[in-house]
Amino acid sequence: MLTIEGLRAGYDRLEVLHGLGFSVEAGDPTVVMGANAAGKTTLCRVVTGLIPVRAGTIRLDGEDITRLSSADRVRRGIALVPEGRQVFGEMTVRENLRLGAYVHGEPAARDYDTAFGLFPILLEREGQRAGLLSGGEQQMLALARALMSRPRLLLLDEPSQGLAPKAVEQVAHAVNRIAETGVAILLVEQNLALAQMIARHAVVLETGSCVADGRASEIMASSAIQDSYLGKKRN
């Protein structure tokens, strides 16, 4: 689905990503992990076209999308659930969902059915302003809004941020259900508990370079990886 080769990118004179390469397949949810400043959010911005590529290639289903605009990438099936959720607080739940479908024009009934079927609480809250939702409900709305674009690849940037453990479990359950529909998942996350509930493939970054790439169960069980790169020091 998504193939990244030799990816280099950054801000102004600062290079943040240094020759990254890995792939994400449908049915094989992938988590990108690492400490703060490892380059995880930058990776999301590069894949979605918000930051230009300095070198390397990004392919979606074999098509080179390296130089495409963010809008063209959305049209080809890439959607991002951004860090911090970024819902439109003054708009209702339904209005937020409608905005997520802008690439198709007016959303179809099946788009709302998908969103409300996955998150029934949003149907109860559809006329409520998004800013009045709990943190967990806002994360559900951010996920549902991304699904309104009918993505083939869904990127999630730190979806557990600021959530209580129960809400984290709800998010994990929803993401697993989304993956079962054939949507490829790229999860950027520091929360080991959430990553373990979702990922089958793991990539670990350190200051913009890949230091581990393989089966998630093996990588996340490695004390050396946890101690050195994921901030899980053991006594």
# chains A, B, ... in the order shown; residues from 1 in each chain; ligands from 1
$ closest_atom_pairs --of "stretch 142-217 of chain A" --to "stretch 86-92 of chain A" --cutoff "12 Å" --atoms "only C-alpha atoms" --output "CSV"
residue,atom,partner,partner_atom,distance
A:Ala142,CA,A:Val87,CA,6.3
A:Leu143,CA,A:Val87,CA,10.1
A:Ala144,CA,A:Val87,CA,10.8
A:Arg145,CA,A:Val87,CA,8.8
A:Ala146,CA,A:Val87,CA,10.8
A:Asp157,CA,A:Gln86,CA,11.4
A:Pro159,CA,A:Gln86,CA,11.3
$ select_by_dssp --residues "chain A" --states "helix (DSSP H, G or I)" --output "PyMOL selection string"
chain A and resi 40-47+70-75+93-100+102-104+109-118+120-124+130-132+135-147+165-180+192-198+216-221+223-229
$ residues_around --residues "A:Arg8" --least-positions-apart "6" --cutoff "10 Å" --atoms "only C-alpha atoms" --output "VMD selection string"
chain A and resid 15 to 21 43 46 52 to 57 208 to 209
$ write_last_selection --atoms "N, CA, C and O atoms" --output "mmCIF file, in the first residue's frame"
data_model
loop_
_atom_site.group_PDB
_atom_site.id
_atom_site.type_symbol
_atom_site.label_atom_id
_atom_site.label_comp_id
_atom_site.auth_asym_id
_atom_site.auth_seq_id
_atom_site.Cartn_x
_atom_site.Cartn_y
_atom_site.Cartn_z
ATOM 1 N N GLU A 15 17.538 19.171 8.748
ATOM 2 C CA GLU A 15 17.033 17.895 8.246
ATOM 3 C C GLU A 15 16.605 17.054 9.437
ATOM 4 O O GLU A 15 17.374 16.810 10.360
ATOM 5 N N VAL A 16 15.362 16.566 9.403
ATOM 6 C CA VAL A 16 14.792 15.803 10.514
ATOM 7 C C VAL A 16 14.758 14.314 10.207
ATOM 8 O O VAL A 16 15.021 13.490 11.083
ATOM 9 N N LEU A 17 14.410 13.958 8.982
ATOM 10 C CA LEU A 17 14.356 12.548 8.577
ATOM 11 C C LEU A 17 15.538 12.237 7.679
ATOM 12 O O LEU A 17 15.799 12.961 6.712
ATOM 13 N N HIS A 18 16.244 11.146 7.989
ATOM 14 C CA HIS A 18 17.506 10.860 7.326
ATOM 15 C C HIS A 18 17.458 9.505 6.608
ATOM 16 O O HIS A 18 17.871 8.479 7.145
ATOM 17 N N GLY A 19 16.915 9.503 5.414
ATOM 18 C CA GLY A 19 16.945 8.292 4.601
ATOM 19 C C GLY A 19 16.041 7.169 5.062
ATOM 20 O O GLY A 19 16.414 5.996 4.975
ATOM 21 N N LEU A 20 14.844 7.497 5.561
ATOM 22 C CA LEU A 20 13.929 6.470 6.061
ATOM 23 C C LEU A 20 13.414 5.573 4.941
ATOM 24 O O LEU A 20 13.191 6.024 3.812
ATOM 25 N N GLY A 21 13.183 4.312 5.291
ATOM 26 C CA GLY A 21 12.575 3.378 4.354
ATOM 27 C C GLY A 21 11.821 2.279 5.071
ATOM 28 O O GLY A 21 12.388 1.606 5.939
ATOM 29 N N LEU A 43 7.229 12.837 9.978
ATOM 30 C CA LEU A 43 6.936 11.766 9.023
ATOM 31 C C LEU A 43 5.486 11.854 8.555
ATOM 32 O O LEU A 43 5.205 11.755 7.347
ATOM 33 N N VAL A 46 5.076 14.699 6.158
ATOM 34 C CA VAL A 46 5.678 14.439 4.844
ATOM 35 C C VAL A 46 4.797 13.510 4.029
ATOM 36 O O VAL A 46 4.551 13.748 2.833
ATOM 37 N N PRO A 52 7.567 19.281 2.204
ATOM 38 C CA PRO A 52 8.135 18.707 0.981
ATOM 39 C C PRO A 52 9.246 17.702 1.257
ATOM 40 O O PRO A 52 9.924 17.758 2.294
ATOM 41 N N VAL A 53 9.428 16.802 0.322
ATOM 42 C CA VAL A 53 10.488 15.797 0.388
ATOM 43 C C VAL A 53 11.771 16.373 -0.208
ATOM 44 O O VAL A 53 11.749 16.979 -1.280
ATOM 45 N N ARG A 54 12.887 16.171 0.485
ATOM 46 C CA ARG A 54 14.179 16.623 -0.036
ATOM 47 C C ARG A 54 14.826 15.557 -0.904
ATOM 48 O O ARG A 54 15.547 15.861 -1.852
ATOM 49 N N ALA A 55 14.604 14.308 -0.532
ATOM 50 C CA ALA A 55 15.145 13.187 -1.302
ATOM 51 C C ALA A 55 14.326 11.959 -0.957
ATOM 52 O O ALA A 55 13.684 11.884 0.088
ATOM 53 N N GLY A 56 14.355 10.984 -1.864
ATOM 54 C CA GLY A 56 13.625 9.754 -1.633
ATOM 55 C C GLY A 56 12.271 9.754 -2.324
ATOM 56 O O GLY A 56 11.897 10.717 -3.008
ATOM 57 N N THR A 57 11.520 8.670 -2.137
ATOM 58 C CA THR A 57 10.227 8.522 -2.798
ATOM 59 C C THR A 57 9.169 8.009 -1.828
ATOM 60 O O THR A 57 9.464 7.303 -0.865
ATOM 61 N N GLY A 208 15.337 10.795 13.727
ATOM 62 C CA GLY A 208 15.097 10.779 12.291
ATOM 63 C C GLY A 208 15.633 9.601 11.524
ATOM 64 O O GLY A 208 15.523 9.565 10.304
ATOM 65 N N SER A 209 16.213 8.633 12.204
ATOM 66 C CA SER A 209 16.739 7.446 11.543
ATOM 67 C C SER A 209 16.037 6.203 12.079
ATOM 68 O O SER A 209 15.637 6.158 13.248
#
$ residues_around --residues "A:Arg177" --least-positions-apart "5" --cutoff "12 Å" --atoms "only C-alpha atoms" --output "PyMOL selection string"
chain A and resi 27+29+114-115+117-119+143+170-172+182-185+197-198
$ write_last_selection --atoms "N, CA and C atoms" --output "compact mmCIF listing (two decimals), in the first residue's frame"
# COMPACT_ATOMS: atom_id res chain seq x y z
N GLY A 27 -4.12 -4.68 6.26
CA GLY A 27 -4.18 -5.90 7.06
C GLY A 27 -2.97 -6.10 7.95
N PRO A 29 -1.37 -3.49 10.33
CA PRO A 29 -1.22 -2.17 10.94
C PRO A 29 0.21 -1.94 11.44
N THR A 114 -21.34 4.67 8.29
CA THR A 114 -20.05 4.12 8.72
C THR A 114 -19.56 4.80 10.00
N ALA A 115 -19.62 6.13 10.01
CA ALA A 115 -19.14 6.88 11.17
C ALA A 115 -19.96 6.57 12.42
N GLY A 117 -21.96 4.03 12.89
CA GLY A 117 -21.90 2.61 13.24
C GLY A 117 -20.67 2.29 14.05
N LEU A 118 -19.58 2.97 13.74
CA LEU A 118 -18.33 2.75 14.47
C LEU A 118 -18.34 3.45 15.82
N PHE A 119 -18.98 4.61 15.87
CA PHE A 119 -19.01 5.41 17.09
C PHE A 119 -20.46 5.83 17.38
N LEU A 143 -11.39 10.64 14.30
CA LEU A 143 -11.29 9.40 13.52
C LEU A 143 -12.42 9.30 12.50
N GLN A 170 -11.02 2.19 23.80
CA GLN A 170 -12.07 2.42 22.81
C GLN A 170 -11.47 2.81 21.46
N VAL A 171 -10.45 3.64 21.50
CA VAL A 171 -9.78 4.03 20.26
C VAL A 171 -9.13 2.82 19.60
N ALA A 172 -8.45 1.99 20.39
CA ALA A 172 -7.81 0.80 19.85
C ALA A 172 -8.83 -0.13 19.20
N GLY A 182 -10.06 -3.30 5.52
CA GLY A 182 -9.09 -3.22 4.44
C GLY A 182 -8.34 -1.92 4.36
N VAL A 183 -8.61 -0.98 5.28
CA VAL A 183 -7.87 0.28 5.31
C VAL A 183 -6.50 0.03 5.93
N ALA A 184 -5.44 0.49 5.25
CA ALA A 184 -4.09 0.38 5.80
C ALA A 184 -3.92 1.41 6.92
N ILE A 185 -3.25 1.01 7.99
CA ILE A 185 -3.11 1.86 9.17
C ILE A 185 -1.64 2.17 9.44
N MET A 197 -2.05 -3.10 21.28
CA MET A 197 -3.42 -3.50 20.97
C MET A 197 -3.72 -3.44 19.47
N ILE A 198 -2.88 -2.73 18.71
CA ILE A 198 -3.19 -2.49 17.30
C ILE A 198 -2.16 -3.08 16.35
$ atom_distance --atom1 "atom CA of A:Met220" --atom2 "atom CA of A:Leu187"
14.2 Å
$ select_by_dssp --residues "stretch 27-182 of chain A" --states "strand (DSSP E)" --output "number ranges by chain"
A: 30-33, 55-60, 63-64, 78-81, 153-157
$ residues_around --residues "A:Glu137" --least-positions-apart "3" --cutoff "8 Å" --atoms "only C-alpha atoms" --output "PyMOL selection string"
chain A and resi 121-122+133-134+140-141
$ residues_around --residues "stretch 68-77 of chain A" --least-positions-apart "5" --cutoff "7 Å" --atoms "only C-alpha atoms" --output "list in words"
Thr48, Gly49, Leu50, Val103, Arg150, Pro151, Arg152 and Leu153 of chain A
$ closest_residue --among "A:Arg85, A:His104, A:Lys166, A:His173" --to "A:Gly131" --atoms "only C-alpha atoms"
A:Arg85
$ atom_distance --atom1 "atom CA of A:Glu5" --atom2 "atom CA of A:His201"
16.9 Å
$ atom_distance --atom1 "atom CA of A:Val93" --atom2 "atom CA of A:Ala79"
18.4 Å
$ residues_around --residues "A:Tyr102" --least-positions-apart "4" --cutoff "10 Å" --atoms "only C-alpha atoms" --output "list in words"
Leu97, Arg98, Glu106, Pro107, Met148 and Ser149 of chain A
$ closest_residue --among "A:Ile178, A:Cys210, A:Ala108, A:Leu154" --to "A:Pro82" --atoms "only C-alpha atoms"
A:Leu154
